[in-house]
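Next comes protein-v4.txt, a file with compact mmCIF, C-alpha atoms and all ligand atoms.
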# COMPACT_ATOMS: atom_id res chain seq x y z
CA MET A 1 1.76 -26.63 289.77
CA LYS A 2 1.16 -27.87 286.26
CA ILE A 3 -2.47 -28.66 285.49
CA LEU A 4 -3.71 -30.56 282.44
CA THR A 5 -7.15 -29.36 281.35
CA LEU A 6 -9.32 -31.58 279.16
CA ASN A 7 -12.49 -30.81 277.25
CA CYS A 8 -13.80 -34.07 275.78
CA GLY A 9 -16.49 -33.94 273.12
CA SER A 10 -17.97 -36.71 270.99
CA SER A 11 -15.19 -36.54 268.39
CA SER A 12 -12.67 -34.14 269.87
CA ILE A 13 -10.44 -33.54 272.87
CA LYS A 14 -9.13 -30.05 273.62
CA PHE A 15 -6.17 -29.93 275.98
CA ASP A 16 -4.03 -27.35 277.68
CA VAL A 17 -1.23 -27.53 280.24
CA ILE A 18 -1.26 -24.50 282.51
CA SER A 19 1.37 -23.45 285.00
CA THR A 20 -0.36 -21.96 288.02
CA SER A 21 -0.60 -21.91 291.82
CA VAL A 22 -2.66 -19.96 294.35
CA GLU A 23 -0.03 -17.21 294.56
CA VAL A 24 0.55 -17.07 290.82
CA MET A 25 -3.17 -16.92 289.97
CA GLN A 26 -3.68 -14.05 292.44
CA LYS A 27 -1.08 -12.09 290.51
CA GLY A 28 -2.64 -13.18 287.19
CA GLN A 29 0.70 -14.62 286.13
CA ASP A 30 -0.45 -18.15 285.29
CA TYR A 31 0.22 -19.19 281.70
CA SER A 32 -0.30 -21.95 279.16
CA ILE A 33 2.67 -24.22 278.39
CA VAL A 34 1.01 -25.97 275.47
CA ARG A 35 -2.47 -25.90 274.01
CA GLY A 36 -3.97 -28.21 271.40
CA VAL A 37 -6.86 -30.22 270.07
CA ILE A 38 -7.49 -33.57 268.44
CA GLU A 39 -10.52 -33.48 266.16
CA ARG A 40 -12.37 -36.09 264.07
CA ILE A 41 -11.55 -38.82 266.62
CA GLY A 42 -12.86 -42.15 265.32
CA THR A 43 -11.51 -41.67 261.81
CA GLU A 44 -8.40 -42.49 259.75
CA ASN A 45 -7.74 -38.79 259.26
CA ALA A 46 -8.13 -37.22 262.68
CA ILE A 47 -6.56 -33.78 262.98
CA VAL A 48 -3.88 -33.28 265.63
CA ARG A 49 -2.88 -29.69 266.41
CA TYR A 50 -0.91 -28.07 269.18
CA LYS A 51 1.00 -24.90 269.79
CA LEU A 52 3.52 -23.63 272.33
CA PRO A 53 3.74 -19.96 273.34
CA ASN A 54 7.01 -19.60 271.39
CA GLY A 55 5.15 -20.47 268.18
CA ASP A 56 6.48 -24.05 267.91
CA GLY A 57 3.76 -26.55 267.18
CA PHE A 58 2.36 -29.20 264.91
CA LYS A 59 -0.62 -29.87 262.66
CA GLY A 60 -1.21 -33.16 260.91
CA GLU A 61 -3.68 -35.91 260.04
CA GLU A 62 -3.44 -39.28 261.75
CA LYS A 63 -5.45 -42.41 262.34
CA ILE A 64 -7.01 -42.02 265.81
CA LEU A 65 -9.87 -44.41 266.32
CA ASP A 66 -11.01 -43.69 269.86
CA HIS A 67 -10.64 -41.35 272.84
CA LYS A 68 -8.14 -43.63 274.58
CA ILE A 69 -5.80 -43.51 271.58
CA ALA A 70 -6.32 -39.75 271.41
CA LEU A 71 -5.35 -39.30 275.04
CA LYS A 72 -2.30 -41.53 274.55
CA ARG A 73 -1.32 -39.21 271.68
CA ILE A 74 -1.69 -36.20 273.99
CA VAL A 75 0.50 -37.91 276.61
CA ASP A 76 3.11 -38.59 273.88
CA ILE A 77 3.02 -34.93 272.83
CA LEU A 78 3.58 -33.84 276.43
CA THR A 79 6.47 -36.22 277.06
CA GLY A 80 8.08 -36.20 273.61
CA ASP A 81 11.56 -34.86 272.85
CA LYS A 82 10.72 -32.47 270.04
CA PRO A 83 9.56 -30.12 271.37
CA ARG A 84 10.34 -30.96 274.99
CA ILE A 85 7.29 -29.88 276.99
CA LEU A 86 7.60 -31.93 280.18
CA ASN A 87 10.53 -33.97 281.52
CA SER A 88 8.08 -36.54 282.80
CA LEU A 89 4.35 -37.03 283.19
CA SER A 90 4.78 -36.86 286.97
CA GLU A 91 5.16 -33.08 286.60
CA ILE A 92 1.37 -32.89 286.13
CA ASN A 93 -0.22 -32.25 289.54
CA GLY A 94 -3.88 -32.49 288.61
CA VAL A 95 -6.34 -32.85 285.74
CA GLY A 96 -9.25 -30.43 285.31
CA HIS A 97 -12.21 -31.66 283.26
CA ARG A 98 -14.86 -29.52 281.64
CA VAL A 99 -18.27 -31.02 282.46
CA VAL A 100 -21.23 -29.35 280.78
CA HIS A 101 -24.12 -30.05 283.16
CA GLY A 102 -23.91 -30.16 286.94
CA GLY A 103 -27.67 -29.87 287.51
CA GLU A 104 -28.69 -28.53 290.92
CA SER A 105 -26.00 -30.59 292.66
CA PHE A 106 -22.83 -28.66 291.85
CA SER A 107 -22.44 -24.96 292.48
CA LYS A 108 -18.67 -25.33 292.59
CA SER A 109 -15.94 -27.40 291.04
CA VAL A 110 -15.22 -30.67 292.89
CA ILE A 111 -12.64 -33.42 293.12
CA ILE A 112 -14.08 -36.38 291.24
CA ASN A 113 -14.97 -39.53 293.18
CA ASP A 114 -17.55 -42.27 292.63
CA ALA A 115 -20.40 -40.16 294.04
CA VAL A 116 -19.51 -37.24 291.74
CA GLU A 117 -19.36 -39.58 288.74
CA ASN A 118 -22.82 -40.89 289.61
CA GLU A 119 -24.21 -37.34 289.75
CA ILE A 120 -22.64 -36.55 286.37
CA ILE A 121 -24.39 -39.64 284.99
CA ALA A 122 -27.67 -38.49 286.58
CA CYS A 123 -27.30 -35.07 284.91
CA SER A 124 -26.90 -36.79 281.52
CA GLU A 125 -30.69 -36.86 281.37
CA PHE A 126 -30.50 -33.06 280.94
CA GLU A 127 -27.41 -33.10 278.70
CA PRO A 128 -27.44 -36.40 276.78
CA LEU A 129 -24.99 -35.06 274.19
CA HIS A 130 -22.15 -33.81 276.35
CA ASN A 131 -22.21 -35.29 279.86
CA PRO A 132 -21.61 -38.93 278.78
CA GLN A 133 -18.68 -37.73 276.62
CA ASN A 134 -17.27 -35.69 279.50
CA LEU A 135 -17.55 -38.71 281.79
CA SER A 136 -15.86 -41.10 279.38
CA GLY A 137 -13.04 -38.54 279.11
CA ILE A 138 -12.72 -38.61 282.90
CA LYS A 139 -12.55 -42.41 282.92
CA VAL A 140 -9.91 -42.60 280.18
CA ALA A 141 -7.82 -39.83 281.77
CA SER A 142 -7.94 -41.63 285.12
CA GLU A 143 -6.23 -44.60 283.49
CA PHE A 144 -3.34 -42.41 282.31
CA PHE A 145 -3.18 -40.34 285.51
CA PRO A 146 -4.31 -42.74 288.26
CA SER A 147 -2.65 -41.16 291.26
CA ILE A 148 -3.40 -37.42 290.95
CA PRO A 149 -6.65 -35.56 291.65
CA HIS A 150 -9.17 -35.13 288.83
CA VAL A 151 -11.50 -32.15 289.17
CA ALA A 152 -14.84 -31.51 287.46
CA VAL A 153 -15.55 -27.89 286.47
CA PHE A 154 -19.16 -27.38 285.43
CA ASP A 155 -20.48 -25.01 282.74
CA THR A 156 -23.57 -24.57 284.89
CA GLY A 157 -21.69 -23.87 288.17
CA PHE A 158 -21.35 -20.09 287.85
CA HIS A 159 -25.11 -19.72 287.36
CA HIS A 160 -26.04 -21.33 290.68
CA SER A 161 -26.38 -17.87 292.20
CA ILE A 162 -29.35 -17.06 289.92
CA PRO A 163 -32.42 -16.49 292.15
CA ALA A 164 -35.61 -18.53 291.79
CA LYS A 165 -37.50 -15.61 290.20
CA ALA A 166 -35.05 -15.80 287.29
CA PHE A 167 -34.49 -19.55 287.08
CA LEU A 168 -38.10 -20.75 287.34
CA TYR A 169 -40.34 -21.08 284.31
CA ALA A 170 -43.95 -19.97 284.82
CA LEU A 171 -45.22 -23.52 284.43
CA PRO A 172 -47.12 -25.40 287.16
CA TYR A 173 -44.69 -25.54 290.11
CA ASP A 174 -44.85 -29.33 290.39
CA ILE A 175 -43.16 -29.60 286.96
CA TYR A 176 -40.09 -28.04 288.60
CA GLN A 177 -40.44 -30.25 291.66
CA LYS A 178 -40.87 -33.46 289.68
CA TYR A 179 -38.41 -32.92 286.85
CA LYS A 180 -36.09 -30.10 288.00
CA MET A 181 -37.15 -28.18 284.89
CA ARG A 182 -35.58 -24.75 285.34
CA ARG A 183 -32.98 -22.41 283.90
CA TYR A 184 -29.47 -23.77 284.48
CA GLY A 185 -27.46 -21.62 282.06
CA PHE A 186 -24.25 -22.56 280.27
CA HIS A 187 -20.86 -21.09 279.24
CA GLY A 188 -20.42 -20.41 282.98
CA THR A 189 -16.61 -20.63 282.99
CA SER A 190 -16.43 -18.13 280.13
CA HIS A 191 -18.86 -15.64 281.73
CA ARG A 192 -16.98 -16.00 285.01
CA TYR A 193 -13.56 -15.43 283.46
CA VAL A 194 -14.43 -12.37 281.38
CA SER A 195 -16.48 -10.73 284.15
CA GLN A 196 -13.53 -11.15 286.56
CA GLN A 197 -11.18 -9.66 283.98
CA ALA A 198 -13.52 -6.71 283.42
CA ILE A 199 -13.81 -5.98 287.15
CA LYS A 200 -10.03 -6.13 287.49
CA PHE A 201 -9.55 -3.81 284.50
CA LEU A 202 -12.08 -1.26 285.76
CA GLY A 203 -10.52 -1.31 289.22
CA ILE A 204 -13.95 -1.14 290.88
CA PRO A 205 -14.96 -3.05 294.03
CA SER A 206 -16.24 -6.45 292.92
CA GLU A 207 -19.17 -6.38 295.36
CA ASN A 208 -20.71 -3.27 293.71
CA SER A 209 -19.93 -4.17 290.09
CA LYS A 210 -22.59 -4.53 287.37
CA ILE A 211 -21.38 -6.31 284.25
CA ILE A 212 -23.09 -7.84 281.22
CA THR A 213 -21.09 -10.54 279.45
CA ALA A 214 -22.04 -11.66 275.93
CA HIS A 215 -20.43 -14.96 274.93
CA LEU A 216 -21.05 -15.10 271.18
CA GLY A 217 -19.71 -18.15 269.40
CA ASN A 218 -21.45 -20.90 267.50
CA GLY A 219 -23.50 -21.09 270.72
CA CYS A 220 -24.43 -17.72 272.20
CA SER A 221 -25.44 -16.66 275.69
CA ILE A 222 -25.54 -13.45 277.69
CA THR A 223 -25.28 -13.07 281.46
CA ALA A 224 -26.05 -10.37 284.02
CA VAL A 225 -23.28 -10.40 286.64
CA SER A 226 -23.93 -8.43 289.85
CA GLY A 227 -21.22 -8.21 292.50
CA GLY A 228 -19.26 -10.91 290.62
CA ARG A 229 -22.20 -13.35 290.70
CA SER A 230 -24.47 -14.45 287.86
CA ILE A 231 -28.02 -13.20 288.52
CA ASP A 232 -29.56 -14.12 285.16
CA THR A 233 -28.51 -15.76 281.92
CA SER A 234 -30.15 -16.34 278.57
CA MET A 235 -29.62 -20.08 278.07
CA GLY A 236 -32.14 -22.13 280.00
CA HIS A 237 -32.82 -25.75 280.82
CA THR A 238 -30.84 -26.52 277.67
CA PRO A 239 -28.58 -24.31 275.53
CA LEU A 240 -31.48 -23.72 273.11
CA GLU A 241 -33.06 -20.75 274.91
CA GLY A 242 -32.11 -17.10 274.58
CA LEU A 243 -30.10 -15.48 271.82
CA MET A 244 -30.17 -16.47 268.16
CA MET A 245 -27.15 -18.72 267.46
CA GLY A 246 -25.34 -20.42 264.59
CA THR A 247 -27.94 -23.16 264.17
CA ARG A 248 -30.23 -22.69 267.21
CA CYS A 249 -33.33 -20.52 267.11
CA GLY A 250 -33.13 -19.15 270.67
CA ASP A 251 -36.32 -17.71 272.18
CA LEU A 252 -39.47 -18.91 270.49
CA ASP A 253 -43.19 -19.06 271.25
CA PRO A 254 -43.51 -22.76 272.29
CA ALA A 255 -46.88 -22.90 270.50
CA VAL A 256 -45.09 -22.35 267.18
CA ILE A 257 -43.24 -25.63 267.47
CA LEU A 258 -46.40 -27.54 268.50
CA HIS A 259 -48.13 -26.12 265.41
CA ILE A 260 -45.26 -27.04 263.04
CA MET A 261 -45.06 -30.54 264.53
CA ASN A 262 -48.73 -30.96 263.79
CA LYS A 263 -48.63 -29.47 260.28
CA GLU A 264 -45.45 -31.21 259.11
CA LYS A 265 -45.98 -34.43 261.10
CA LEU A 266 -42.67 -34.01 262.92
CA ASN A 267 -41.70 -36.31 265.79
CA ILE A 268 -39.76 -35.10 268.84
CA ALA A 269 -36.35 -35.80 267.24
CA ASP A 270 -37.35 -33.88 264.08
CA ALA A 271 -38.55 -30.93 266.11
CA ASP A 272 -35.37 -31.00 268.19
CA SER A 273 -33.25 -31.00 265.05
CA LEU A 274 -35.30 -28.17 263.50
CA MET A 275 -34.72 -25.89 266.50
CA ASN A 276 -31.15 -26.92 267.36
CA LYS A 277 -29.53 -27.71 264.02
CA LYS A 278 -31.46 -26.01 261.20
CA SER A 279 -32.35 -22.61 262.64
CA GLY A 280 -30.43 -19.51 263.74
CA LEU A 281 -28.03 -17.82 261.30
CA LEU A 282 -28.13 -20.90 259.08
CA GLY A 283 -31.92 -21.21 259.02
CA VAL A 284 -32.68 -17.56 258.35
CA SER A 285 -29.86 -16.84 255.89
CA GLY A 286 -30.00 -20.22 254.14
CA ILE A 287 -26.25 -19.78 253.70
CA SER A 288 -24.25 -20.93 256.71
CA ASN A 289 -24.03 -21.12 260.48
CA ASP A 290 -20.60 -19.48 260.17
CA LEU A 291 -20.97 -15.75 260.68
CA ARG A 292 -18.00 -15.01 258.42
CA GLU A 293 -19.87 -16.48 255.44
CA VAL A 294 -23.11 -14.72 256.38
CA GLU A 295 -21.27 -11.39 256.72
CA GLU A 296 -19.67 -11.92 253.32
CA ALA A 297 -23.05 -12.61 251.68
CA ARG A 298 -24.49 -9.50 253.37
CA GLU A 299 -21.63 -7.44 251.91
CA GLN A 300 -22.59 -8.74 248.48
CA GLY A 301 -26.16 -7.57 249.00
CA ASN A 302 -27.82 -10.84 249.98
CA GLU A 303 -31.09 -9.81 251.69
CA ARG A 304 -31.54 -12.97 253.77
CA ALA A 305 -28.00 -12.67 255.10
CA LYS A 306 -28.75 -9.08 256.09
CA LEU A 307 -31.98 -10.16 257.76
CA ALA A 308 -30.22 -12.92 259.72
CA ILE A 309 -27.64 -10.46 261.06
CA ASP A 310 -30.32 -7.87 261.82
CA ILE A 311 -32.32 -10.40 263.87
CA PHE A 312 -29.16 -11.59 265.65
CA CYS A 313 -28.19 -8.05 266.68
CA TYR A 314 -31.70 -6.83 267.49
CA ARG A 315 -32.26 -9.71 269.89
CA LEU A 316 -28.85 -9.21 271.45
CA LYS A 317 -29.63 -5.52 272.00
CA LYS A 318 -32.95 -6.40 273.64
CA TYR A 319 -31.17 -8.72 276.10
CA ILE A 320 -28.51 -6.08 276.85
CA THR A 321 -31.14 -3.52 277.82
CA ALA A 322 -33.20 -6.10 279.74
CA TYR A 323 -30.16 -7.13 281.78
CA ALA A 324 -29.16 -3.52 282.41
CA GLY A 325 -32.62 -3.19 283.94
CA ALA A 326 -32.23 -6.41 285.94
CA LEU A 327 -28.89 -5.13 287.26
CA GLY A 328 -30.25 -1.64 287.97
CA GLY A 329 -27.34 -0.03 286.14
CA LEU A 330 -24.25 -1.06 284.24
CA ASP A 331 -20.49 -0.60 284.54
CA ALA A 332 -19.39 -2.60 281.51
CA LEU A 333 -20.60 -4.63 278.58
CA VAL A 334 -18.18 -7.40 277.57
CA PHE A 335 -18.00 -9.20 274.23
CA THR A 336 -16.27 -12.58 273.98
CA GLY A 337 -16.36 -15.86 271.98
CA GLY A 338 -15.48 -16.30 268.29
CA ILE A 339 -18.07 -13.73 267.17
CA GLY A 340 -17.73 -11.36 270.13
CA GLU A 341 -13.95 -11.25 269.76
CA ASN A 342 -13.84 -10.96 265.97
CA SER A 343 -16.91 -9.32 264.52
CA SER A 344 -16.88 -5.52 264.67
CA LEU A 345 -20.16 -5.55 262.71
CA ILE A 346 -22.04 -7.47 265.41
CA ARG A 347 -20.55 -5.29 268.17
CA GLU A 348 -21.52 -2.15 266.28
CA LEU A 349 -25.07 -3.16 265.35
CA SER A 350 -25.93 -4.57 268.77
CA THR A 351 -24.80 -1.44 270.65
CA ASN A 352 -26.00 1.14 268.12
CA GLY A 353 -28.70 3.26 269.79
CA LEU A 354 -27.72 2.39 273.37
CA GLU A 355 -26.19 5.81 273.99
CA PHE A 356 -29.27 6.66 276.12
CA MET A 357 -27.96 4.22 278.76
CA GLY A 358 -24.36 5.40 278.56
CA THR A 359 -23.06 2.77 276.12
CA LYS A 360 -21.16 4.27 273.19
CA ILE A 361 -18.42 2.59 271.22
CA ASP A 362 -15.61 4.18 269.24
CA LEU A 363 -16.01 2.89 265.69
CA ALA A 364 -12.31 3.25 264.87
CA LYS A 365 -11.29 1.26 267.94
CA ASN A 366 -14.00 -1.28 267.18
CA ASN A 367 -12.70 -1.75 263.65
CA ALA A 368 -8.97 -1.76 264.46
CA ASN A 369 -7.18 -4.85 263.12
CA GLY A 370 -10.22 -5.68 260.97
CA GLY A 371 -12.30 -5.91 264.16
CA ARG A 372 -10.37 -8.97 265.31
CA ILE A 373 -8.74 -9.14 268.64
CA CYS A 374 -4.99 -9.93 268.52
CA LYS A 375 -3.93 -13.13 270.25
CA GLU A 376 -1.65 -11.13 272.54
CA ASP A 377 -4.45 -8.80 273.60
CA ARG A 378 -5.87 -9.64 276.99
CA LEU A 379 -8.53 -6.95 276.74
CA VAL A 380 -9.48 -4.21 274.28
CA ASP A 381 -11.50 -1.20 275.44
CA ILE A 382 -13.64 0.00 272.52
CA SER A 383 -15.55 2.65 274.53
CA ALA A 384 -15.86 6.10 273.00
CA VAL A 385 -14.21 9.07 274.65
CA GLY A 386 -16.39 12.21 274.77
CA THR A 387 -15.37 15.81 274.07
CA ASP A 388 -14.82 16.20 277.83
CA GLY A 389 -12.07 13.57 277.57
CA ASN A 390 -14.04 11.03 279.62
CA TYR A 391 -14.98 7.52 278.58
CA SER A 392 -18.65 6.76 277.96
CA ARG A 393 -20.36 5.96 281.27
CA VAL A 394 -20.67 2.25 280.43
CA ARG A 395 -17.42 0.76 279.14
CA THR A 396 -17.57 -1.69 276.24
CA LEU A 397 -14.78 -4.26 276.40
CA VAL A 398 -13.66 -7.09 274.13
CA ILE A 399 -12.01 -9.84 276.17
CA PRO A 400 -10.74 -13.13 274.72
CA THR A 401 -12.22 -15.90 276.81
CA ASN A 402 -10.02 -18.43 278.58
CA GLU A 403 -12.12 -21.26 279.97
CA GLU A 404 -9.04 -23.46 280.37
CA LEU A 405 -7.50 -20.98 282.79
CA ILE A 406 -10.59 -21.09 285.01
CA ILE A 407 -10.56 -24.91 284.87
CA ALA A 408 -6.87 -25.00 285.85
CA ARG A 409 -7.33 -22.46 288.66
CA ASP A 410 -10.33 -24.33 290.09
CA THR A 411 -8.34 -27.57 289.93
CA VAL A 412 -5.58 -25.99 292.03
CA LEU A 413 -8.11 -24.52 294.48
CA CYS A 414 -9.79 -27.95 294.87
CA ILE A 415 -6.42 -29.66 295.39
CA GLU A 416 -5.52 -27.04 298.02
CA LYS A 417 -8.99 -27.51 299.61
CA LEU A 418 -9.76 -23.81 299.12
CA LEU A 419 -13.04 -24.25 297.24
P1 LIG B 501 -16.63 -20.21 268.64
O1 LIG B 501 -17.78 -21.17 268.78
O2 LIG B 501 -16.40 -19.37 269.87
O3 LIG B 501 -15.38 -20.84 268.12
O4 LIG B 501 -17.07 -19.14 267.51
C1 LIG B 501 -17.42 -19.54 266.21
C2 LIG B 501 -18.07 -18.36 265.50
O5 LIG B 501 -17.16 -17.25 265.44
C3 LIG B 501 -18.43 -18.67 264.04
O6 LIG B 501 -19.74 -18.20 263.77
C4 LIG B 501 -17.44 -17.86 263.25
O7 LIG B 501 -17.97 -17.46 262.04
C5 LIG B 501 -17.23 -16.67 264.16
N1 LIG B 501 -16.00 -15.97 263.79
C6 LIG B 501 -14.73 -16.37 263.95
N2 LIG B 501 -13.88 -15.46 263.39
C7 LIG B 501 -14.65 -14.48 262.87
C8 LIG B 501 -14.39 -13.26 262.15
N3 LIG B 501 -13.16 -12.88 261.87
N4 LIG B 501 -15.43 -12.49 261.78
C9 LIG B 501 -16.69 -12.87 262.06
N5 LIG B 501 -17.01 -14.00 262.73
C10 LIG B 501 -16.02 -14.79 263.12
Can you give me the file's structure in the form of structure tokens?
Ligand code: AMP
Amino acid sequence: MKILTLNCGSSSIKFDVISTSVEVMQKGQDYSIVRGVIERIGTENAIVRYKLPNGDGFKGEEKILDHKIALKRIVDILTGDKPRILNSLSEINGVGHRVVHGGESFSKSVIINDAVENEIIACSEFEPLHNPQNLSGIKVASEFFPSIPHVAVFDTGFHHSIPAKAFLYALPYDIYQKYKMRRYGFHGTSHRYVSQQAIKFLGIPSENSKIITAHLGNGCSITAVSGGRSIDTSMGHTPLEGLMMGTRCGDLDPAVILHIMNKEKLNIADADSLMNKKSGLLGVSGISNDLREVEEAREQGNERAKLAIDIFCYRLKKYITAYAGALGGLDALVFTGGIGENSSLIRELSTNGLEFMGTKIDLAKNNANGGRICKEDRLVDISAVGTDGNYSRVRTLVIPTNEELIIARDTVLCIEKLL
């Protein structure tokens, strides 16, 4: 089968066409035929980029004023002559859509129908930024692909296995009952993919496995995965909770924000923007939300940049040890996401001192290729080998995430009625 995956944001659409089937995915032989993105949709100079595995591709600026025009451009890319990607659009067997919030309704990916669309709308209350965009992407794609199944794959789905003791906040219980205020967790497809890859690499029985996955990008979250299932994760009711991020503060005493609102006469929108857009690496360093720039400033001796990175890594280390405790042991710690895959500094500082629990990285392996994972690498093991020739008890792995692959696989499984 050929599956088109779509990730629709407010001004961008990421797309991928993946060749897969039940048999092929079991062998791990599914692959991307073309991958691309259209950014700055709604402007005269939108950026269109795509790449084929053989290196062919395109990058240019074009006028793309809305998502419908953007999707038409994607269809033209897929059916164009140079390069020839598909002979006809009918080769696409299904469309998999990333949907950020599935609330308590969706533990698994589902074929989209009117009832599913209504639930996605209902969950927009929790995710007013992304869910409406995801839904409008579904509607536009249905116009271009009216007669094949469309499947929704939820960021929150993987975290449905989290038990109540970990998903409930210690607020009066009726707050949960009335408003469904609880931990939902995000980045689920990424945590799911890299934990599966780690289990496969280690060759251990999935049901006994204990893995911690750290997805560190502009948004950051960490998950405790026991027996292949998420049992706790750092993001909460919204993606604001947990680790320090590019512009989000992560964990915070809620009284602090009430106090600042009072002192600075902030309204709810101001407070939201303070915590979500002006904090994190950007807020502490005063330099950037982009770790590369903060790392550069730190190199040049900037104290605030150093402090921002120290806070980032200290908090990450605290979560790693907390989740090792929650799991009652650990087989592997996995780094993924733009930061996890590319920053040897963050991997080093956040694992430094964890030797007591069997986590020790090899600094040379960690720094190989400037710390960046090669595109061809499916997994890099940066664990230290002791004088006895054995790997450290807990393996530390760097695994490039592939959310599109999970979306495509789930789409096939839904089409085949196996989910
Ligand atoms: P993502 O949201 O997964 O695309 O990740 C974005 C984050 O990855 C940004 O903070 C980037 O600065 C960071 N990043 C990407 N490449 C590198 C690199 N080579 N070194 C350090 N950070 C990087």
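Residues in contact with A:Thr247 at 6 Å, where only C-alpha atoms are counted and same-chain residues fewer than 5 positions away are skipped, are listed as A:Asn276, A:Lys277, A:Lys278, A:Ser279, A:Gly280, A:Leu282, A:Asn289.
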Hey, can you spit out that residue selection with C-alpha atoms as a compact mmCIF listing (two decimals), keeping the file's coordinate frame?
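out20.txt, written as the output of this step:
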# COMPACT_ATOMS: atom_id res chain seq x y z
CA ASN A 276 -31.15 -26.92 267.36
CA LYS A 277 -29.53 -27.71 264.02
CA LYS A 278 -31.46 -26.01 261.20
CA SER A 279 -32.35 -22.61 262.64
CA GLY A 280 -30.43 -19.51 263.74
CA LEU A 282 -28.13 -20.90 259.08
CA ASN A 289 -24.03 -21.12 260.48
Could you report the residues within 12 Å of ligand LIG 501 (chain B), using only C-alpha atoms and all ligand atoms, as a PyMOL selection string?
chain A and resi 187+190+214-221+244-248+280-282+287-296+309+312+335-347+367+369-374+400-403
Contacts of stretch 416-418 of chain A at 12 Å (only C-alpha atoms; same-chain gap of 5+ positions) as a PyMOL selection string
chain A and resi 1+21-23+93-94+108-111+149+151+409-411
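Take the candidates A:Lys139, A:Glu127, A:Arg315, A:Ala198 and check each one against A:Leu252 using all atoms listed in the file; the shortest distance goes to A:Arg315.
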A:Pro53 surroundings by all atoms listed in the file, 12 Å radius, close-in-sequence under 5 positions cut, as a ChimeraX atom specification:
/A:16-18,31-36,83,85,375-376
Written selection (C-alpha atoms) as a short mmCIF file (atom, residue, chain, number, x, y, z; two decimals), in the coordinates of the input:
data_model
loop_
_atom_site.label_atom_id
_atom_site.label_comp_id
_atom_site.auth_asym_id
_atom_site.auth_seq_id
_atom_site.Cartn_x
_atom_site.Cartn_y
_atom_site.Cartn_z
CA ASP A 16 -4.03 -27.35 277.68
CA VAL A 17 -1.23 -27.53 280.24
CA ILE A 18 -1.26 -24.50 282.51
CA TYR A 31 0.22 -19.19 281.70
CA SER A 32 -0.30 -21.95 279.16
CA ILE A 33 2.67 -24.22 278.39
CA VAL A 34 1.01 -25.97 275.47
CA ARG A 35 -2.47 -25.90 274.01
CA GLY A 36 -3.97 -28.21 271.40
CA PRO A 83 9.56 -30.12 271.37
CA ILE A 85 7.29 -29.88 276.99
CA LYS A 375 -3.93 -13.13 270.25
CA GLU A 376 -1.65 -11.13 272.54
#
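A straight line drawn from atom CA of A:Asp56 to atom CA of A:Arg84 is 10.6 Å long.
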Pick from A:Glu104, A:Glu348, A:Asp253, A:Asp272 nearest to A:Leu316, counting all atoms listed in the file
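Closest residue, counting all atoms listed in the file: A:Glu348.
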Shell around A:Phe154 at 6 Å using only C-alpha atoms, local window under 4 positions removed, as a short mmCIF file (atom, residue, chain, number, x, y, z; two decimals) with C-alpha atoms, keeping the file's coordinate frame:
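Once everything was written out, this is around-v5.cif:
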data_model
loop_
_atom_site.label_atom_id
_atom_site.label_comp_id
_atom_site.auth_asym_id
_atom_site.auth_seq_id
_atom_site.Cartn_x
_atom_site.Cartn_y
_atom_site.Cartn_z
CA VAL A 99 -18.27 -31.02 282.46
CA VAL A 100 -21.23 -29.35 280.78
CA GLY A 102 -23.91 -30.16 286.94
#
So, counting all atoms listed in the file, which residue among A:Thr20, A:Thr351, A:Asn54, A:Gln300 is closest to A:Tyr319?
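Residue with the minimum atom-to-atom distance to A:Tyr319: A:Thr351.
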Do you know which residues are at most 8 Å from A:Arg304 counting all atoms listed in the file, after dropping those on the same chain fewer than 5 positions away, and could you put them as a PDB file with C-alpha atoms, in the coordinates of the input?
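Contents of result_24.pdb, as written:
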ATOM      1  CA  VAL A 284     -32.680 -17.560 258.350  1.00  0.00           C
ATOM      2  CA  SER A 285     -29.860 -16.840 255.890  1.00  0.00           C
ATOM      3  CA  GLY A 286     -30.000 -20.220 254.140  1.00  0.00           C
ATOM      4  CA  ARG A 298     -24.490  -9.500 253.370  1.00  0.00           C
TER       5      ARG A 298
END
Quick one, how far is atom CA of A:Leu397 from atom CA of A:Gly157?
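Atom CA of A:Gly157 lies at a distance of 23.9 Å from atom CA of A:Leu397.
For the atom pair formed by atom CA of A:Ala166 and atom CA of A:Tyr323, the distance is 11.4 Å, given to one decimal.
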Pick from A:Leu129, A:Ile320, A:Val412, A:Val140 nearest to A:His67, counting all atoms listed in the file
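Of the candidates, the smallest distance to A:His67 is held by A:Val140.
Ranking A:Arg378, A:Lys200, A:Arg182, A:Lys2 by their shortest atom-to-atom distance to A:Ser90, with all atoms listed in the file included, puts A:Lys2 first.
Residue nearest A:Arg393 within the list A:Ala308, A:Leu202, A:Ala255, A:Val225: A:Leu202 [criterion: smallest interatomic distance, all atoms listed in the file].
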Please tell me which residues are no farther than 7 Å from (-36.7, -20.7, 274.2) in the file, counting all atoms listed in the file, and write them as a ChimeraX atom specification.
/A:240-242,250-252
